[in-house]
Amino acid sequence: KNRIKSKPKILLIHGDQDKVVPPSNLLETKDFLIRNKVDVKTNLIKDCEHHIPTEASSIALNFILKNLS
């Protein structure tokens, strides 16, 4: 946390069926960011394994358009 230089808005998206990276990592990361006063939004995609579904792409695009344009 001492190395945090900036605090942009962050979006975390993860599949609830991911066997490569456990979904609990999303919650741990979210907790860390909240404790360090970083604005974070999360989405846990239902029935999604370790890939990027269309739903996640749409969520990410909307986040980018809302926050970075």
# chains A, B, ... in the order shown; residues from 1 in each chain; ligands from 1

$ select_by_dssp --residues "chain A" --states "strand (DSSP E or B)" --output "PyMOL selection string"
chain A and resi 10-15+40-45

$ residues_around --residues "A:Ile45" --least-positions-apart "6" --cutoff "9 Å" --atoms "only C-alpha atoms" --output "PyMOL selection string"
chain A and resi 13-17+53+55-56

$ write_last_selection --atoms "N, CA, C and O atoms" --output "PDB file, in the first residue's frame"
ATOM      1  N   ILE A  13     -13.488  -7.536 -12.954  1.00  0.00           N
ATOM      2  CA  ILE A  13     -14.473  -8.484 -13.480  1.00  0.00           C
ATOM      3  C   ILE A  13     -13.871  -9.880 -13.376  1.00  0.00           C
ATOM      4  O   ILE A  13     -12.703 -10.084 -13.722  1.00  0.00           O
ATOM      5  N   HIS A  14     -14.700 -10.823 -12.907  1.00  0.00           N
ATOM      6  CA  HIS A  14     -14.179 -12.178 -12.728  1.00  0.00           C
ATOM      7  C   HIS A  14     -15.291 -13.188 -12.938  1.00  0.00           C
ATOM      8  O   HIS A  14     -16.453 -12.912 -12.651  1.00  0.00           O
ATOM      9  N   GLY A  15     -14.938 -14.352 -13.422  1.00  0.00           N
ATOM     10  CA  GLY A  15     -15.906 -15.432 -13.597  1.00  0.00           C
ATOM     11  C   GLY A  15     -16.077 -16.234 -12.317  1.00  0.00           C
ATOM     12  O   GLY A  15     -15.092 -16.561 -11.659  1.00  0.00           O
ATOM     13  N   ASP A  16     -17.315 -16.554 -11.987  1.00  0.00           N
ATOM     14  CA  ASP A  16     -17.567 -17.282 -10.741  1.00  0.00           C
ATOM     15  C   ASP A  16     -17.166 -18.757 -10.819  1.00  0.00           C
ATOM     16  O   ASP A  16     -17.093 -19.433  -9.799  1.00  0.00           O
ATOM     17  N   GLN A  17     -16.869 -19.255 -12.011  1.00  0.00           N
ATOM     18  CA  GLN A  17     -16.472 -20.651 -12.185  1.00  0.00           C
ATOM     19  C   GLN A  17     -15.000 -20.791 -12.595  1.00  0.00           C
ATOM     20  O   GLN A  17     -14.587 -21.845 -13.069  1.00  0.00           O
ATOM     21  N   PRO A  53     -16.111 -13.194 -21.531  1.00  0.00           N
ATOM     22  CA  PRO A  53     -17.370 -13.294 -22.284  1.00  0.00           C
ATOM     23  C   PRO A  53     -17.821 -11.924 -22.783  1.00  0.00           C
ATOM     24  O   PRO A  53     -17.327 -10.886 -22.328  1.00  0.00           O
ATOM     25  N   GLU A  55     -20.478 -10.373 -22.153  1.00  0.00           N
ATOM     26  CA  GLU A  55     -21.026  -9.588 -21.039  1.00  0.00           C
ATOM     27  C   GLU A  55     -19.940  -8.769 -20.339  1.00  0.00           C
ATOM     28  O   GLU A  55     -20.130  -7.591 -20.025  1.00  0.00           O
ATOM     29  N   ALA A  56     -18.792  -9.372 -20.112  1.00  0.00           N
ATOM     30  CA  ALA A  56     -17.686  -8.669 -19.459  1.00  0.00           C
ATOM     31  C   ALA A  56     -17.156  -7.546 -20.343  1.00  0.00           C
ATOM     32  O   ALA A  56     -16.830  -6.460 -19.851  1.00  0.00           O
TER      33      ALA A  56
END

$ residues_around --residues "A:Leu26" --least-positions-apart "5" --cutoff "9 Å" --atoms "only C-alpha atoms" --output "PyMOL selection string"
chain A and resi 12-14+31+42-44

$ residues_around --residues "A:Asn2" --least-positions-apart "2" --cutoff "10 Å" --atoms "only C-alpha atoms" --output "list in words"
Ile4, Lys5 and Asn36 of chain A

$ write_last_selection --atoms "all heavy atoms" --output "PDB file, in the first residue's frame"
ATOM      1  N   ILE A   4       1.383   2.868  -3.556  1.00  0.00           N
ATOM      2  CA  ILE A   4       0.284   3.440  -4.339  1.00  0.00           C
ATOM      3  C   ILE A   4       0.595   4.897  -4.645  1.00  0.00           C
ATOM      4  O   ILE A   4       0.806   5.708  -3.748  1.00  0.00           O
ATOM      5  CB  ILE A   4      -1.054   3.321  -3.568  1.00  0.00           C
ATOM      6  CG1 ILE A   4      -1.428   1.855  -3.397  1.00  0.00           C
ATOM      7  CG2 ILE A   4      -2.154   4.092  -4.291  1.00  0.00           C
ATOM      8  CD1 ILE A   4      -2.656   1.621  -2.534  1.00  0.00           C
ATOM      9  N   LYS A   5       0.671   5.218  -5.931  1.00  0.00           N
ATOM     10  CA  LYS A   5       1.001   6.575  -6.376  1.00  0.00           C
ATOM     11  C   LYS A   5      -0.222   7.330  -6.872  1.00  0.00           C
ATOM     12  O   LYS A   5      -0.248   8.549  -6.862  1.00  0.00           O
ATOM     13  CB  LYS A   5       2.048   6.529  -7.498  1.00  0.00           C
ATOM     14  CG  LYS A   5       3.333   5.844  -7.112  1.00  0.00           C
ATOM     15  CD  LYS A   5       4.104   6.650  -6.107  1.00  0.00           C
ATOM     16  CE  LYS A   5       5.433   5.955  -5.819  1.00  0.00           C
ATOM     17  NZ  LYS A   5       5.968   6.262  -4.539  1.00  0.00           N
ATOM     18  N   ASN A  36      -7.688   0.888   1.120  1.00  0.00           N
ATOM     19  CA  ASN A  36      -6.736   1.918   0.715  1.00  0.00           C
ATOM     20  C   ASN A  36      -7.409   3.079  -0.020  1.00  0.00           C
ATOM     21  O   ASN A  36      -6.762   3.824  -0.737  1.00  0.00           O
ATOM     22  CB  ASN A  36      -5.625   1.281  -0.119  1.00  0.00           C
ATOM     23  CG  ASN A  36      -4.705   0.478   0.758  1.00  0.00           C
ATOM     24  OD1 ASN A  36      -3.862   1.036   1.454  1.00  0.00           O
ATOM     25  ND2 ASN A  36      -4.891  -0.832   0.795  1.00  0.00           N
TER      26      ASN A  36
END

$ residues_around --residues "A:Lys30" --least-positions-apart "4" --cutoff "10 Å" --atoms "only C-alpha atoms" --output "PyMOL selection string"
chain A and resi 10-12+24-26+34-36+38-42

$ write_last_selection --atoms "all heavy atoms" --output "CSV table (one decimal), in the first residue's frame"
chain,number,residue,atom,x,y,z
A,10,ILE,N,-11.3,1.9,-10.5
A,10,ILE,CA,-11.0,0.6,-11.0
A,10,ILE,C,-12.2,-0.3,-11.2
A,10,ILE,O,-13.1,-0.3,-10.3
A,10,ILE,CB,-10.0,-0.1,-10.0
A,10,ILE,CG1,-8.6,0.7,-10.1
A,10,ILE,CG2,-9.7,-1.5,-10.4
A,10,ILE,CD1,-7.6,0.2,-9.1
A,11,LEU,N,-12.2,-1.1,-12.2
A,11,LEU,CA,-13.2,-2.1,-12.4
A,11,LEU,C,-12.6,-3.5,-12.4
A,11,LEU,O,-11.6,-3.7,-13.1
A,11,LEU,CB,-13.9,-1.9,-13.8
A,11,LEU,CG,-14.9,-3.0,-14.3
A,11,LEU,CD1,-16.1,-3.0,-13.3
A,11,LEU,CD2,-15.3,-2.7,-15.7
A,12,LEU,N,-13.1,-4.4,-11.6
A,12,LEU,CA,-12.7,-5.8,-11.5
A,12,LEU,C,-13.8,-6.7,-12.0
A,12,LEU,O,-14.9,-6.6,-11.5
A,12,LEU,CB,-12.3,-6.2,-10.1
A,12,LEU,CG,-11.2,-5.3,-9.4
A,12,LEU,CD1,-11.1,-5.8,-8.0
A,12,LEU,CD2,-9.9,-5.5,-10.1
A,24,SER,N,-12.3,-16.0,-5.3
A,24,SER,CA,-12.0,-15.3,-4.0
A,24,SER,C,-10.9,-14.2,-4.2
A,24,SER,O,-10.9,-13.2,-3.4
A,24,SER,CB,-11.6,-16.3,-3.0
A,24,SER,OG,-10.4,-17.0,-3.4
A,25,ASN,N,-10.1,-14.3,-5.2
A,25,ASN,CA,-9.1,-13.3,-5.5
A,25,ASN,C,-9.8,-11.9,-5.8
A,25,ASN,O,-9.2,-10.9,-5.4
A,25,ASN,CB,-8.2,-13.6,-6.6
A,25,ASN,CG,-7.2,-14.7,-6.3
A,25,ASN,OD1,-7.3,-15.3,-5.2
A,25,ASN,ND2,-6.2,-14.9,-7.1
A,26,LEU,N,-10.9,-11.9,-6.4
A,26,LEU,CA,-11.7,-10.7,-6.7
A,26,LEU,C,-12.0,-10.0,-5.4
A,26,LEU,O,-11.9,-8.8,-5.2
A,26,LEU,CB,-12.9,-11.0,-7.5
A,26,LEU,CG,-13.9,-9.8,-7.7
A,26,LEU,CD1,-13.5,-9.0,-8.9
A,26,LEU,CD2,-15.3,-10.3,-7.8
A,34,ILE,N,-10.5,-1.1,-1.2
A,34,ILE,CA,-11.4,-0.3,-0.4
A,34,ILE,C,-10.6,0.2,0.9
A,34,ILE,O,-10.8,1.3,1.3
A,34,ILE,CB,-12.6,-1.1,0.0
A,34,ILE,CG1,-13.5,-1.3,-1.2
A,34,ILE,CG2,-13.4,-0.5,1.2
A,34,ILE,CD1,-14.7,-2.3,-1.0
A,35,ARG,N,-9.9,-0.7,1.5
A,35,ARG,CA,-9.1,-0.3,2.7
A,35,ARG,C,-8.1,0.8,2.4
A,35,ARG,O,-7.7,1.6,3.3
A,35,ARG,CB,-8.4,-1.5,3.3
A,35,ARG,CG,-9.3,-2.4,4.1
A,35,ARG,CD,-8.5,-3.5,4.8
A,35,ARG,NE,-8.1,-4.6,3.9
A,35,ARG,CZ,-6.9,-4.9,3.6
A,35,ARG,NH1,-5.9,-4.3,4.1
A,35,ARG,NH2,-6.6,-5.9,2.7
A,36,ASN,N,-7.7,0.9,1.1
A,36,ASN,CA,-6.7,1.9,0.7
A,36,ASN,C,-7.4,3.1,0.0
A,36,ASN,O,-6.8,3.8,-0.7
A,36,ASN,CB,-5.6,1.3,-0.1
A,36,ASN,CG,-4.7,0.5,0.8
A,36,ASN,OD1,-3.9,1.0,1.5
A,36,ASN,ND2,-4.9,-0.8,0.8
A,38,VAL,N,-9.5,3.3,-2.5
A,38,VAL,CA,-9.5,3.3,-4.0
A,38,VAL,C,-10.9,3.0,-4.4
A,38,VAL,O,-11.6,2.1,-3.9
A,38,VAL,CB,-8.5,2.3,-4.6
A,38,VAL,CG1,-8.7,2.2,-6.1
A,38,VAL,CG2,-7.1,2.6,-4.2
A,39,ASP,N,-11.5,3.8,-5.3
A,39,ASP,CA,-12.8,3.6,-5.9
A,39,ASP,C,-12.8,2.4,-6.8
A,39,ASP,O,-12.2,2.4,-7.8
A,39,ASP,CB,-13.3,4.9,-6.6
A,39,ASP,CG,-14.7,4.8,-7.1
A,39,ASP,OD1,-15.4,3.8,-6.8
A,39,ASP,OD2,-15.1,5.7,-7.8
A,40,VAL,N,-13.5,1.3,-6.3
A,40,VAL,CA,-13.5,0.1,-7.1
A,40,VAL,C,-14.9,-0.4,-7.3
A,40,VAL,O,-15.7,-0.4,-6.4
A,40,VAL,CB,-12.6,-1.0,-6.4
A,40,VAL,CG1,-13.1,-1.3,-5.0
A,40,VAL,CG2,-12.5,-2.3,-7.2
A,41,LYS,N,-15.2,-0.9,-8.5
A,41,LYS,CA,-16.4,-1.5,-8.8
A,41,LYS,C,-16.1,-3.0,-9.2
A,41,LYS,O,-15.0,-3.2,-9.8
A,41,LYS,CB,-17.1,-0.8,-10.0
A,41,LYS,CG,-17.3,0.6,-9.9
A,41,LYS,CD,-18.4,0.9,-8.9
A,41,LYS,CE,-18.7,2.4,-8.8
A,41,LYS,NZ,-18.6,3.0,-7.5
A,42,THR,N,-17.0,-3.9,-8.9
A,42,THR,CA,-16.7,-5.3,-9.2
A,42,THR,C,-17.9,-5.9,-9.9
A,42,THR,O,-19.1,-5.5,-9.6
A,42,THR,CB,-16.4,-6.1,-7.9
A,42,THR,OG1,-17.5,-6.0,-7.0
A,42,THR,CG2,-15.1,-5.6,-7.3

$ select_by_dssp --residues "chain A" --states "helix (DSSP H, G or I)" --output "PyMOL selection string"
chain A and resi 24-35+54-67

$ atom_distance --atom1 "atom CA of A:Lys37" --atom2 "atom CA of A:Arg3"
13.7 Å

$ closest_residue --among "A:Lys46, A:Lys7, A:His51, A:Phe63" --to "A:Val20" --atoms "only C-alpha atoms"
A:His51

$ closest_residue --among "A:His50, A:Lys1, A:Lys66, A:Lys9" --to "A:Val21" --atoms "only C-alpha atoms"
A:His50
